[in-house]
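J.: Sharing a structure with you now.
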Amino acid sequence: MRLVLLGAPGAGKGTQAKKLIEKYGIPQISTGDLLRAAVAAGTSLGKEAKSFMDKGELVPDRVVLGMVEERLKQDDCKKGYILDGFPRNTAQAEALDKMLDTLKVPLTAALSVDVPFDDLMKRLTGRRTCKGCGQMYNVFFNAPKKDGKCDKCGGELFQRDDDKEETIKKRLDVYSSQTAPLFDYYKKKGILSSVNGTGSIDEIFKAVCNSLGLK
Ligand code: AMP
C-alpha cells in the first residue's frame with residue numbers, strides 16, 4: 001500500500017496513520033514530524049523551516065521534496081508507506097508522481113479524512129503530544145488521566161507551537177487555498193476515497209480499513 005492521507009490540520013490523519021502502522025507494519029512519513037525533528041536538531045534545514053512553520057505557512061517545496069525523496073529511498077518503504085501531511089499543494093503532488101514514475105511504483109490510494117471545519121479549531125487548540133512516546137491527547141475530548149502527563153509512559157505532554165490559536169487560523173486558510181485542490185487532483189486519477197472523520201478513533205479506523213479494502 002502506498003497511500004496519501006488527506007485532510008485538514010486536526011482531522012486526525014496522524015492518529016489514523018499510527019493505527020495503520022500498528023496493524024500493518026508500514027511506515028508513516030509525516031513531513032510535519034520530519035520538519036519538527038529538523039527544527040529540534042537545529043539543522044540548517046530546520047532553521048529555514050522554523051520561520052515558515054511558526055507563521056502557519058508552508059515550508060518551501062524544494063526543502064520538503066528533498067526530504068521526502070531521501071525518506072522514500074530507505075529500505076523500510078519498499079513494502080509501502082503512508083504519506084501524512086504531504087503533498088500539501090499541486091506542485092508537490094506533481095513532483096511526487098514524477099518521483100514515483102521514475103521508481104515505477106505509483107501511489108495505490110489517496111484517502112481523505114473529513115471533519116467539519118468548525119470542529120477543527122477545538123481539536124487543534126486542545127491537542128497535546130507526549131514528549132516521550134508521541135502519544136496524542138486532547139484536553140477537551142481525550143484528556144490524560146493526570147494533567148500534563150502521558151497515560152502510557154508518564155512522559156511530559158506539550159502543545160505544538162503552531163497549535164496556538166493565531167497560527168491555527170492561518171494553517172486552516174493555507175489548507176483551503178493550497179491543499180484542498182488535491183481532492184480534485186486525486187479524484188481525476190481515480191484513486192481518491194473518503195471517510196467521515198468524526199466519531200471514535202476506532203470507528204474511524206474501521207471506516208479507513210474498509211475504504212482501503214483492508215481486513
Ligand atoms: P503538520 O504537522 O503536517 O500539520 O505540519 C506542520 C507544519 O509543517 C505546517 O504548518 C507547515 O509549516 C510544515 N509542513 C508540513 N508538511 C509540509 C509540506 N508537505 N509542505 C510544506 N510545509 C509543510
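Residues in the C-alpha cells are named by chain (A, B, ... in the order shown) and by number from 1 within that chain; ligands are numbered from 1 in the order shown.
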Any residue with an atom at most 8 Å from ligand 1 counts, using only C-alpha atoms and all ligand atoms. Which are they? Put them as a PyMOL selection string.
T.: chain A and resi 9-10+30-33+35-36+49-50+52-61+64-65+84-89+92+162+171
J.: Could you dump the residues just selected with N, CA and C atoms as a compact mmCIF listing (two decimals), in the first residue's frame?
T.:
# COMPACT_ATOMS: atom_id res chain seq x y z
N PRO A 9 -5.59 20.17 8.87
CA PRO A 9 -4.90 20.05 10.15
C PRO A 9 -5.94 19.74 11.23
N GLY A 10 -5.67 18.77 12.07
CA GLY A 10 -6.61 18.43 13.14
C GLY A 10 -7.66 17.40 12.74
N SER A 30 5.57 11.47 7.90
CA SER A 30 4.90 12.72 8.19
C SER A 30 5.90 13.84 7.97
N THR A 31 5.65 14.68 6.98
CA THR A 31 6.60 15.77 6.73
C THR A 31 6.62 16.75 7.90
N GLY A 32 5.46 16.90 8.58
CA GLY A 32 5.43 17.76 9.77
C GLY A 32 6.38 17.22 10.84
N ASP A 33 6.33 15.89 11.08
CA ASP A 33 7.21 15.29 12.09
C ASP A 33 8.68 15.41 11.67
N LEU A 35 10.00 17.67 9.77
CA LEU A 35 10.41 19.07 9.90
C LEU A 35 10.62 19.45 11.38
N ARG A 36 9.71 18.98 12.23
CA ARG A 36 9.86 19.29 13.67
C ARG A 36 11.14 18.66 14.22
N ALA A 49 13.15 26.05 7.98
CA ALA A 49 11.74 25.65 8.05
C ALA A 49 11.00 26.36 9.19
N LYS A 50 11.69 26.59 10.30
CA LYS A 50 11.01 27.07 11.51
C LYS A 50 10.25 28.38 11.29
N PHE A 52 8.81 29.51 8.70
CA PHE A 52 7.54 29.29 7.97
C PHE A 52 6.53 28.59 8.88
N MET A 53 7.01 27.58 9.61
CA MET A 53 6.11 26.80 10.46
C MET A 53 5.50 27.67 11.55
N ASP A 54 6.30 28.54 12.14
CA ASP A 54 5.79 29.40 13.22
C ASP A 54 4.69 30.33 12.73
N LYS A 55 4.72 30.65 11.44
CA LYS A 55 3.69 31.54 10.90
C LYS A 55 2.49 30.77 10.37
N GLY A 56 2.59 29.43 10.37
CA GLY A 56 1.49 28.62 9.82
C GLY A 56 1.53 28.54 8.31
N GLU A 57 2.66 28.92 7.72
CA GLU A 57 2.79 28.87 6.25
C GLU A 57 3.46 27.58 5.83
N LEU A 58 3.36 27.26 4.53
CA LEU A 58 4.04 26.07 4.04
C LEU A 58 5.54 26.34 3.90
N VAL A 59 6.33 25.35 4.25
CA VAL A 59 7.78 25.40 4.04
C VAL A 59 8.01 25.27 2.53
N PRO A 60 9.02 25.94 1.96
CA PRO A 60 9.19 25.89 0.50
C PRO A 60 9.29 24.45 -0.04
N ASP A 61 8.70 24.26 -1.22
CA ASP A 61 8.62 22.91 -1.82
C ASP A 61 9.99 22.23 -1.92
N VAL A 64 10.98 20.50 1.29
CA VAL A 64 10.16 19.33 1.63
C VAL A 64 10.40 18.19 0.64
N LEU A 65 10.51 18.52 -0.63
CA LEU A 65 10.66 17.47 -1.64
C LEU A 65 11.97 16.70 -1.45
N ASP A 84 1.72 11.38 5.24
CA ASP A 84 0.82 12.13 6.13
C ASP A 84 1.28 13.59 6.13
N GLY A 85 0.43 14.45 5.58
CA GLY A 85 0.81 15.87 5.53
C GLY A 85 1.63 16.22 4.30
N PHE A 86 1.71 15.30 3.40
CA PHE A 86 2.41 15.51 2.12
C PHE A 86 1.71 14.67 1.06
N PRO A 87 1.46 15.17 -0.14
CA PRO A 87 1.70 16.54 -0.59
C PRO A 87 0.71 17.54 0.01
N ARG A 88 1.12 18.81 -0.04
CA ARG A 88 0.32 19.89 0.55
C ARG A 88 -0.15 20.88 -0.52
N ASN A 89 0.34 20.72 -1.74
CA ASN A 89 -0.12 21.59 -2.84
C ASN A 89 0.08 20.82 -4.15
N GLN A 92 3.67 19.90 -5.25
CA GLN A 92 4.25 18.76 -4.53
C GLN A 92 3.64 17.44 -5.04
N ASP A 162 2.73 25.62 16.83
CA ASP A 162 1.79 26.08 15.80
C ASP A 162 0.35 25.66 16.09
N ARG A 171 -3.11 28.31 9.32
CA ARG A 171 -2.92 26.95 8.78
C ARG A 171 -4.19 26.47 8.07
J.: Find the residues near segment 116-123 of chain A: any atom within 10 Å, counting only C-alpha atoms, skip ones fewer than 4 places away on the same chain, and give them as a PDB file with all heavy atoms, in the first residue's frame.
T.:
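Saved result, selection.pdb, follows:
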ATOM      1  N   ALA A   8      -7.681  18.157   6.647  1.00  0.00           N
ATOM      2  CA  ALA A   8      -7.245  19.431   7.230  1.00  0.00           C
ATOM      3  C   ALA A   8      -6.377  19.179   8.456  1.00  0.00           C
ATOM      4  O   ALA A   8      -6.434  18.091   9.048  1.00  0.00           O
ATOM      5  CB  ALA A   8      -8.477  20.238   7.630  1.00  0.00           C
ATOM      6  N   PRO A   9      -5.592  20.173   8.868  1.00  0.00           N
ATOM      7  CA  PRO A   9      -4.895  20.049  10.151  1.00  0.00           C
ATOM      8  C   PRO A   9      -5.940  19.744  11.230  1.00  0.00           C
ATOM      9  O   PRO A   9      -7.006  20.366  11.248  1.00  0.00           O
ATOM     10  CB  PRO A   9      -4.295  21.446  10.377  1.00  0.00           C
ATOM     11  CG  PRO A   9      -4.205  22.060   9.017  1.00  0.00           C
ATOM     12  CD  PRO A   9      -5.341  21.474   8.213  1.00  0.00           C
ATOM     13  N   GLY A  10      -5.670  18.772  12.075  1.00  0.00           N
ATOM     14  CA  GLY A  10      -6.614  18.430  13.141  1.00  0.00           C
ATOM     15  C   GLY A  10      -7.655  17.399  12.741  1.00  0.00           C
ATOM     16  O   GLY A  10      -8.486  17.003  13.558  1.00  0.00           O
ATOM     17  N   ALA A  11      -7.621  16.914  11.508  1.00  0.00           N
ATOM     18  CA  ALA A  11      -8.634  15.943  11.065  1.00  0.00           C
ATOM     19  C   ALA A  11      -8.369  14.551  11.641  1.00  0.00           C
ATOM     20  O   ALA A  11      -9.227  13.675  11.583  1.00  0.00           O
ATOM     21  CB  ALA A  11      -8.687  15.883   9.540  1.00  0.00           C
ATOM     22  N   GLY A  12      -7.170  14.345  12.164  1.00  0.00           N
ATOM     23  CA  GLY A  12      -6.867  13.034  12.770  1.00  0.00           C
ATOM     24  C   GLY A  12      -6.066  12.129  11.844  1.00  0.00           C
ATOM     25  O   GLY A  12      -6.013  10.915  12.062  1.00  0.00           O
ATOM     26  N   ARG A 127      -5.085  19.949  21.399  1.00  0.00           N
ATOM     27  CA  ARG A 127      -4.147  18.847  21.131  1.00  0.00           C
ATOM     28  C   ARG A 127      -2.892  18.930  22.007  1.00  0.00           C
ATOM     29  O   ARG A 127      -2.282  19.987  22.147  1.00  0.00           O
ATOM     30  CB  ARG A 127      -3.753  18.905  19.650  1.00  0.00           C
ATOM     31  CG  ARG A 127      -2.829  17.814  19.228  1.00  0.00           C
ATOM     32  CD  ARG A 127      -2.940  17.563  17.766  1.00  0.00           C
ATOM     33  NE  ARG A 127      -2.379  18.626  16.927  1.00  0.00           N
ATOM     34  CZ  ARG A 127      -2.348  18.543  15.598  1.00  0.00           C
ATOM     35  NH1 ARG A 127      -2.841  17.505  14.984  1.00  0.00           N
ATOM     36  NH2 ARG A 127      -1.822  19.523  14.892  1.00  0.00           N
ATOM     37  N   ARG A 128      -2.491  17.808  22.574  1.00  0.00           N
ATOM     38  CA  ARG A 128      -1.255  17.710  23.357  1.00  0.00           C
ATOM     39  C   ARG A 128      -0.539  16.426  22.933  1.00  0.00           C
ATOM     40  O   ARG A 128      -1.183  15.422  22.651  1.00  0.00           O
ATOM     41  CB  ARG A 128      -1.532  17.640  24.867  1.00  0.00           C
ATOM     42  CG  ARG A 128      -2.313  18.826  25.422  1.00  0.00           C
ATOM     43  CD  ARG A 128      -1.496  20.132  25.481  1.00  0.00           C
ATOM     44  NE  ARG A 128      -2.266  21.211  26.079  1.00  0.00           N
ATOM     45  CZ  ARG A 128      -3.118  21.994  25.434  1.00  0.00           C
ATOM     46  NH1 ARG A 128      -3.314  21.840  24.129  1.00  0.00           N
ATOM     47  NH2 ARG A 128      -3.784  22.944  26.075  1.00  0.00           N
ATOM     48  N   TYR A 137      -3.101  13.381  22.778  1.00  0.00           N
ATOM     49  CA  TYR A 137      -4.283  13.557  23.631  1.00  0.00           C
ATOM     50  C   TYR A 137      -5.024  14.801  23.169  1.00  0.00           C
ATOM     51  O   TYR A 137      -4.521  15.573  22.350  1.00  0.00           O
ATOM     52  CB  TYR A 137      -3.855  13.754  25.102  1.00  0.00           C
ATOM     53  CG  TYR A 137      -3.156  12.543  25.679  1.00  0.00           C
ATOM     54  CD1 TYR A 137      -1.779  12.392  25.545  1.00  0.00           C
ATOM     55  CD2 TYR A 137      -3.883  11.548  26.329  1.00  0.00           C
ATOM     56  CE1 TYR A 137      -1.144  11.266  26.052  1.00  0.00           C
ATOM     57  CE2 TYR A 137      -3.259  10.422  26.840  1.00  0.00           C
ATOM     58  CZ  TYR A 137      -1.880  10.294  26.702  1.00  0.00           C
ATOM     59  OH  TYR A 137      -1.266   9.182  27.192  1.00  0.00           O
ATOM     60  N   ASN A 138      -6.242  14.981  23.726  1.00  0.00           N
ATOM     61  CA  ASN A 138      -6.931  16.246  23.519  1.00  0.00           C
ATOM     62  C   ASN A 138      -7.587  16.633  24.833  1.00  0.00           C
ATOM     63  O   ASN A 138      -8.329  15.817  25.408  1.00  0.00           O
ATOM     64  CB  ASN A 138      -7.978  16.137  22.406  1.00  0.00           C
ATOM     65  CG  ASN A 138      -8.554  17.489  22.073  1.00  0.00           C
ATOM     66  OD1 ASN A 138      -9.262  18.090  22.881  1.00  0.00           O
ATOM     67  ND2 ASN A 138      -8.236  18.002  20.902  1.00  0.00           N
ATOM     68  N   VAL A 139      -7.273  17.830  25.324  1.00  0.00           N
ATOM     69  CA  VAL A 139      -7.762  18.210  26.651  1.00  0.00           C
ATOM     70  C   VAL A 139      -9.297  18.311  26.688  1.00  0.00           C
ATOM     71  O   VAL A 139      -9.900  18.220  27.745  1.00  0.00           O
ATOM     72  CB  VAL A 139      -7.134  19.527  27.169  1.00  0.00           C
ATOM     73  CG1 VAL A 139      -5.637  19.368  27.344  1.00  0.00           C
ATOM     74  CG2 VAL A 139      -7.416  20.685  26.241  1.00  0.00           C
ATOM     75  N   PHE A 140      -9.946  18.452  25.539  1.00  0.00           N
ATOM     76  CA  PHE A 140     -11.412  18.505  25.507  1.00  0.00           C
ATOM     77  C   PHE A 140     -12.044  17.123  25.350  1.00  0.00           C
ATOM     78  O   PHE A 140     -13.055  16.813  25.948  1.00  0.00           O
ATOM     79  CB  PHE A 140     -11.902  19.391  24.359  1.00  0.00           C
ATOM     80  CG  PHE A 140     -11.394  20.801  24.431  1.00  0.00           C
ATOM     81  CD1 PHE A 140     -10.548  21.297  23.443  1.00  0.00           C
ATOM     82  CD2 PHE A 140     -11.756  21.625  25.492  1.00  0.00           C
ATOM     83  CE1 PHE A 140     -10.075  22.600  23.512  1.00  0.00           C
ATOM     84  CE2 PHE A 140     -11.286  22.926  25.566  1.00  0.00           C
ATOM     85  CZ  PHE A 140     -10.447  23.412  24.578  1.00  0.00           C
ATOM     86  N   PHE A 141     -11.479  16.281  24.481  1.00  0.00           N
ATOM     87  CA  PHE A 141     -12.156  15.023  24.121  1.00  0.00           C
ATOM     88  C   PHE A 141     -11.477  13.759  24.636  1.00  0.00           C
ATOM     89  O   PHE A 141     -12.087  12.713  24.704  1.00  0.00           O
ATOM     90  CB  PHE A 141     -12.230  14.877  22.593  1.00  0.00           C
ATOM     91  CG  PHE A 141     -12.691  16.100  21.888  1.00  0.00           C
ATOM     92  CD1 PHE A 141     -11.871  16.755  20.978  1.00  0.00           C
ATOM     93  CD2 PHE A 141     -13.964  16.599  22.117  1.00  0.00           C
ATOM     94  CE1 PHE A 141     -12.295  17.891  20.328  1.00  0.00           C
ATOM     95  CE2 PHE A 141     -14.400  17.731  21.464  1.00  0.00           C
ATOM     96  CZ  PHE A 141     -13.570  18.380  20.571  1.00  0.00           C
ATOM     97  N   ASP A 163       0.086  25.086  17.276  1.00  0.00           N
ATOM     98  CA  ASP A 163      -1.294  24.810  17.681  1.00  0.00           C
ATOM     99  C   ASP A 163      -1.862  25.946  18.530  1.00  0.00           C
ATOM    100  O   ASP A 163      -2.871  25.786  19.212  1.00  0.00           O
ATOM    101  CB  ASP A 163      -1.386  23.482  18.450  1.00  0.00           C
ATOM    102  CG  ASP A 163      -1.473  22.273  17.508  1.00  0.00           C
ATOM    103  OD1 ASP A 163      -1.733  22.473  16.305  1.00  0.00           O
ATOM    104  OD2 ASP A 163      -1.286  21.140  17.975  1.00  0.00           O
ATOM    105  N   LYS A 164      -1.196  27.097  18.505  1.00  0.00           N
ATOM    106  CA  LYS A 164      -1.748  28.269  19.205  1.00  0.00           C
ATOM    107  C   LYS A 164      -2.763  28.925  18.257  1.00  0.00           C
ATOM    108  O   LYS A 164      -2.595  28.875  17.030  1.00  0.00           O
ATOM    109  CB  LYS A 164      -0.632  29.271  19.555  1.00  0.00           C
ATOM    110  CG  LYS A 164       0.555  28.638  20.287  1.00  0.00           C
ATOM    111  CD  LYS A 164       0.330  28.508  21.792  1.00  0.00           C
ATOM    112  CE  LYS A 164       1.187  27.434  22.445  1.00  0.00           C
ATOM    113  NZ  LYS A 164       2.605  27.680  22.521  1.00  0.00           N
ATOM    114  N   GLU A 165      -3.777  29.559  18.873  1.00  0.00           N
ATOM    115  CA  GLU A 165      -4.954  29.988  18.110  1.00  0.00           C
ATOM    116  C   GLU A 165      -4.635  30.833  16.855  1.00  0.00           C
ATOM    117  O   GLU A 165      -5.190  30.595  15.789  1.00  0.00           O
ATOM    118  CB  GLU A 165      -5.899  30.744  19.037  1.00  0.00           C
ATOM    119  CG  GLU A 165      -7.331  30.603  18.598  1.00  0.00           C
ATOM    120  CD  GLU A 165      -8.304  30.823  19.749  1.00  0.00           C
ATOM    121  OE1 GLU A 165      -7.983  30.449  20.901  1.00  0.00           O
ATOM    122  OE2 GLU A 165      -9.368  31.385  19.476  1.00  0.00           O
ATOM    123  N   ILE A 168      -3.211  28.720  14.071  1.00  0.00           N
ATOM    124  CA  ILE A 168      -4.165  27.728  13.546  1.00  0.00           C
ATOM    125  C   ILE A 168      -5.007  28.334  12.428  1.00  0.00           C
ATOM    126  O   ILE A 168      -5.234  27.709  11.399  1.00  0.00           O
ATOM    127  CB  ILE A 168      -5.092  27.225  14.678  1.00  0.00           C
ATOM    128  CG1 ILE A 168      -4.269  26.353  15.646  1.00  0.00           C
ATOM    129  CG2 ILE A 168      -6.259  26.436  14.123  1.00  0.00           C
ATOM    130  CD1 ILE A 168      -5.007  25.974  16.899  1.00  0.00           C
ATOM    131  N   LYS A 169      -5.449  29.569  12.626  1.00  0.00           N
ATOM    132  CA  LYS A 169      -6.309  30.196  11.622  1.00  0.00           C
ATOM    133  C   LYS A 169      -5.581  30.250  10.274  1.00  0.00           C
ATOM    134  O   LYS A 169      -6.122  29.912   9.239  1.00  0.00           O
ATOM    135  CB  LYS A 169      -6.725  31.598  12.091  1.00  0.00           C
ATOM    136  CG  LYS A 169      -7.661  32.221  11.132  1.00  0.00           C
ATOM    137  CD  LYS A 169      -8.541  33.284  11.651  1.00  0.00           C
ATOM    138  CE  LYS A 169      -9.492  33.764  10.563  1.00  0.00           C
ATOM    139  NZ  LYS A 169      -9.111  33.492   9.191  1.00  0.00           N
ATOM    140  N   LEU A 172      -5.348  26.808   8.648  1.00  0.00           N
ATOM    141  CA  LEU A 172      -6.594  26.378   8.014  1.00  0.00           C
ATOM    142  C   LEU A 172      -6.827  27.135   6.705  1.00  0.00           C
ATOM    143  O   LEU A 172      -7.320  26.566   5.730  1.00  0.00           O
ATOM    144  CB  LEU A 172      -7.772  26.552   8.987  1.00  0.00           C
ATOM    145  CG  LEU A 172      -7.747  25.600  10.205  1.00  0.00           C
ATOM    146  CD1 LEU A 172      -8.871  25.932  11.188  1.00  0.00           C
ATOM    147  CD2 LEU A 172      -7.841  24.139   9.786  1.00  0.00           C
ATOM    148  N   ASN A 196     -15.649   9.616   6.950  1.00  0.00           N
ATOM    149  CA  ASN A 196     -16.107  10.608   7.900  1.00  0.00           C
ATOM    150  C   ASN A 196     -15.149  10.584   9.097  1.00  0.00           C
ATOM    151  O   ASN A 196     -14.963   9.545   9.718  1.00  0.00           O
ATOM    152  CB  ASN A 196     -17.531  10.209   8.314  1.00  0.00           C
ATOM    153  CG  ASN A 196     -18.105  11.145   9.338  1.00  0.00           C
ATOM    154  OD1 ASN A 196     -17.398  11.993   9.907  1.00  0.00           O
ATOM    155  ND2 ASN A 196     -19.390  10.998   9.594  1.00  0.00           N
ATOM    156  N   GLY A 197     -14.548  11.725   9.399  1.00  0.00           N
ATOM    157  CA  GLY A 197     -13.541  11.774  10.462  1.00  0.00           C
ATOM    158  C   GLY A 197     -14.092  12.155  11.821  1.00  0.00           C
ATOM    159  O   GLY A 197     -13.331  12.495  12.717  1.00  0.00           O
ATOM    160  N   THR A 198     -15.440  12.093  11.986  1.00  0.00           N
ATOM    161  CA  THR A 198     -15.999  12.356  13.314  1.00  0.00           C
ATOM    162  C   THR A 198     -16.444  11.021  13.911  1.00  0.00           C
ATOM    163  O   THR A 198     -16.833  10.123  13.180  1.00  0.00           O
ATOM    164  CB  THR A 198     -17.197  13.328  13.267  1.00  0.00           C
ATOM    165  OG1 THR A 198     -18.150  12.823  12.337  1.00  0.00           O
ATOM    166  CG2 THR A 198     -16.775  14.714  12.811  1.00  0.00           C
TER     167      THR A 198
END
J.: So how many Å separate atom CA of Cys209 of chain A and atom CA of Lys78 of chain A, to one decimal?
T.: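 Computed distance, atom CA of Cys209 of chain A to atom CA of Lys78 of chain A, equals 20.7 Å.
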J.: Give me, please, the distance in Å between atom CA of Leu83 of chain A and atom CA of Ala41 of chain A, quoted to one decimal.
T.: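 Separating atom CA of Leu83 of chain A from atom CA of Ala41 of chain A is a distance of 22.2 Å.
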J.: Based on DSSP run over this structure's backbone, return all residues of segment 13-186 of chain A in strand (DSSP E), as number ranges by chain.
T.: A: 28-30, 81-84, 109-114, 127-130, 136-138, 157-158
J.: Could the residues in this selection be written to a file with N, CA, C and O atoms, as an mmCIF file, in the first residue's frame?
T.:
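Dumped everything to selection-v6.cif:
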data_model
loop_
_atom_site.group_PDB
_atom_site.id
_atom_site.type_symbol
_atom_site.label_atom_id
_atom_site.label_comp_id
_atom_site.auth_asym_id
_atom_site.auth_seq_id
_atom_site.Cartn_x
_atom_site.Cartn_y
_atom_site.Cartn_z
ATOM 1 N N GLN A 28 4.959 5.400 8.481
ATOM 2 C CA GLN A 28 4.254 6.667 8.250
ATOM 3 C C GLN A 28 5.329 7.696 7.928
ATOM 4 O O GLN A 28 6.331 7.767 8.639
ATOM 5 N N ILE A 29 5.123 8.432 6.876
ATOM 6 C CA ILE A 29 6.062 9.516 6.592
ATOM 7 C C ILE A 29 5.300 10.820 6.787
ATOM 8 O O ILE A 29 4.461 11.188 5.956
ATOM 9 N N SER A 30 5.574 11.469 7.895
ATOM 10 C CA SER A 30 4.898 12.723 8.192
ATOM 11 C C SER A 30 5.903 13.845 7.975
ATOM 12 O O SER A 30 6.899 13.940 8.697
ATOM 13 N N TYR A 81 4.023 2.600 2.285
ATOM 14 C CA TYR A 81 4.143 3.704 3.244
ATOM 15 C C TYR A 81 2.864 4.514 3.256
ATOM 16 O O TYR A 81 2.015 4.386 2.357
ATOM 17 N N ILE A 82 2.769 5.327 4.302
ATOM 18 C CA ILE A 82 1.636 6.242 4.426
ATOM 19 C C ILE A 82 2.199 7.655 4.443
ATOM 20 O O ILE A 82 2.995 7.999 5.331
ATOM 21 N N LEU A 83 1.821 8.452 3.487
ATOM 22 C CA LEU A 83 2.263 9.846 3.473
ATOM 23 C C LEU A 83 1.235 10.684 4.228
ATOM 24 O O LEU A 83 0.052 10.674 3.897
ATOM 25 N N ASP A 84 1.717 11.376 5.244
ATOM 26 C CA ASP A 84 0.817 12.127 6.129
ATOM 27 C C ASP A 84 1.276 13.590 6.134
ATOM 28 O O ASP A 84 2.365 13.895 6.588
ATOM 29 N N ALA A 109 -3.422 4.591 -3.350
ATOM 30 C CA ALA A 109 -4.655 5.206 -2.856
ATOM 31 C C ALA A 109 -4.389 6.581 -2.250
ATOM 32 O O ALA A 109 -3.294 6.860 -1.760
ATOM 33 N N ALA A 110 -5.439 7.404 -2.312
ATOM 34 C CA ALA A 110 -5.443 8.673 -1.568
ATOM 35 C C ALA A 110 -6.734 8.652 -0.759
ATOM 36 O O ALA A 110 -7.808 8.373 -1.306
ATOM 37 N N LEU A 111 -6.613 8.884 0.536
ATOM 38 C CA LEU A 111 -7.787 8.794 1.402
ATOM 39 C C LEU A 111 -7.951 10.089 2.178
ATOM 40 O O LEU A 111 -7.013 10.540 2.834
ATOM 41 N N SER A 112 -9.133 10.672 2.086
ATOM 42 C CA SER A 112 -9.330 11.908 2.846
ATOM 43 C C SER A 112 -10.140 11.610 4.109
ATOM 44 O O SER A 112 -11.077 10.814 4.098
ATOM 45 N N VAL A 113 -9.722 12.247 5.196
ATOM 46 C CA VAL A 113 -10.420 12.138 6.473
ATOM 47 C C VAL A 113 -11.155 13.469 6.642
ATOM 48 O O VAL A 113 -10.530 14.519 6.786
ATOM 49 N N ASP A 114 -12.505 13.382 6.570
ATOM 50 C CA ASP A 114 -13.299 14.617 6.522
ATOM 51 C C ASP A 114 -13.876 14.997 7.882
ATOM 52 O O ASP A 114 -14.559 14.189 8.509
ATOM 53 N N ARG A 127 -5.085 19.949 21.399
ATOM 54 C CA ARG A 127 -4.147 18.847 21.131
ATOM 55 C C ARG A 127 -2.892 18.930 22.007
ATOM 56 O O ARG A 127 -2.282 19.987 22.147
ATOM 57 N N ARG A 128 -2.491 17.808 22.574
ATOM 58 C CA ARG A 128 -1.255 17.710 23.357
ATOM 59 C C ARG A 128 -0.539 16.426 22.933
ATOM 60 O O ARG A 128 -1.183 15.422 22.651
ATOM 61 N N THR A 129 0.787 16.461 22.922
ATOM 62 C CA THR A 129 1.565 15.299 22.489
ATOM 63 C C THR A 129 2.576 14.945 23.573
ATOM 64 O O THR A 129 3.134 15.840 24.220
ATOM 65 N N CYS A 130 2.829 13.644 23.737
ATOM 66 C CA CYS A 130 3.811 13.217 24.742
ATOM 67 C C CYS A 130 5.231 13.385 24.192
ATOM 68 O O CYS A 130 5.526 12.943 23.083
ATOM 69 N N MET A 136 -0.820 10.963 21.416
ATOM 70 C CA MET A 136 -1.534 12.232 21.349
ATOM 71 C C MET A 136 -2.780 12.219 22.237
ATOM 72 O O MET A 136 -3.428 11.189 22.400
ATOM 73 N N TYR A 137 -3.101 13.381 22.778
ATOM 74 C CA TYR A 137 -4.283 13.557 23.631
ATOM 75 C C TYR A 137 -5.024 14.801 23.169
ATOM 76 O O TYR A 137 -4.521 15.573 22.350
ATOM 77 N N ASN A 138 -6.242 14.981 23.726
ATOM 78 C CA ASN A 138 -6.931 16.246 23.519
ATOM 79 C C ASN A 138 -7.587 16.633 24.833
ATOM 80 O O ASN A 138 -8.329 15.817 25.408
ATOM 81 N N LEU A 157 3.580 16.124 28.629
ATOM 82 C CA LEU A 157 2.820 16.484 27.423
ATOM 83 C C LEU A 157 3.126 17.924 27.032
ATOM 84 O O LEU A 157 3.327 18.776 27.897
ATOM 85 N N PHE A 158 3.176 18.177 25.732
ATOM 86 C CA PHE A 158 3.420 19.555 25.287
ATOM 87 C C PHE A 158 2.427 19.947 24.199
ATOM 88 O O PHE A 158 1.822 19.095 23.550
#
J.: Just list as an MDAnalysis selection string whatever in segment 114-215 of chain A DSSP marks as helix (DSSP H, G or I).
T.: chainID A and resid 117:125 161:163 165:179 182:188 201:212
J.: Kindly indicate which residue among A:Ala38, A:Ser193, A:Leu3, A:Cys77 lies nearest to Pro106 of chain A, using only C-alpha atoms for the distances.
T.: A:Leu3
J.: For Val208 of chain A, which residue among A:Ala95, A:Val195, A:Asp101, A:Thr125 is the nearest when counting only C-alpha atoms?
T.: A:Val195
J.: Using only C-alpha atoms, can you tell me which of A:Asn210, A:Arg62, A:Pro27, A:Lys189 comes closest to Leu107 of chain A?
T.: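 Going through A:Asn210, A:Arg62, A:Pro27, A:Lys189 one by one, the smallest distance to Leu107 of chain A is for A:Lys189.
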J.: Fewer than 2 positions away in the same chain doesn't count, so skip those; otherwise give me all residues within 12 Å of Tyr185 of chain A, counting only C-alpha atoms, as a PyMOL selection string.
T.: chain A and resi 6+87-94+97+110+178-183+187-192
J.: Taking into account only C-alpha atoms, which residue in the set A:Val63, A:Leu212, A:Lys73, A:Gly134 is nearest to Arg160 of chain A?
T.: A:Gly134
J.: Env of Ser200 of chain A: 12 Å cut, atoms = only C-alpha atoms, seq-sep filter 5 positions within chain, self excluded. Answer as a VMD selection string.
T.: chain A and resid 12 15 to 16 141 to 142 205 to 207
J.: If you measure from atom CA of Glu69 of chain A to atom CA of Val105 of chain A, what distance in Å do you get, rounded to one decimal?
T.: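 A separation of 13.3 Å between them.
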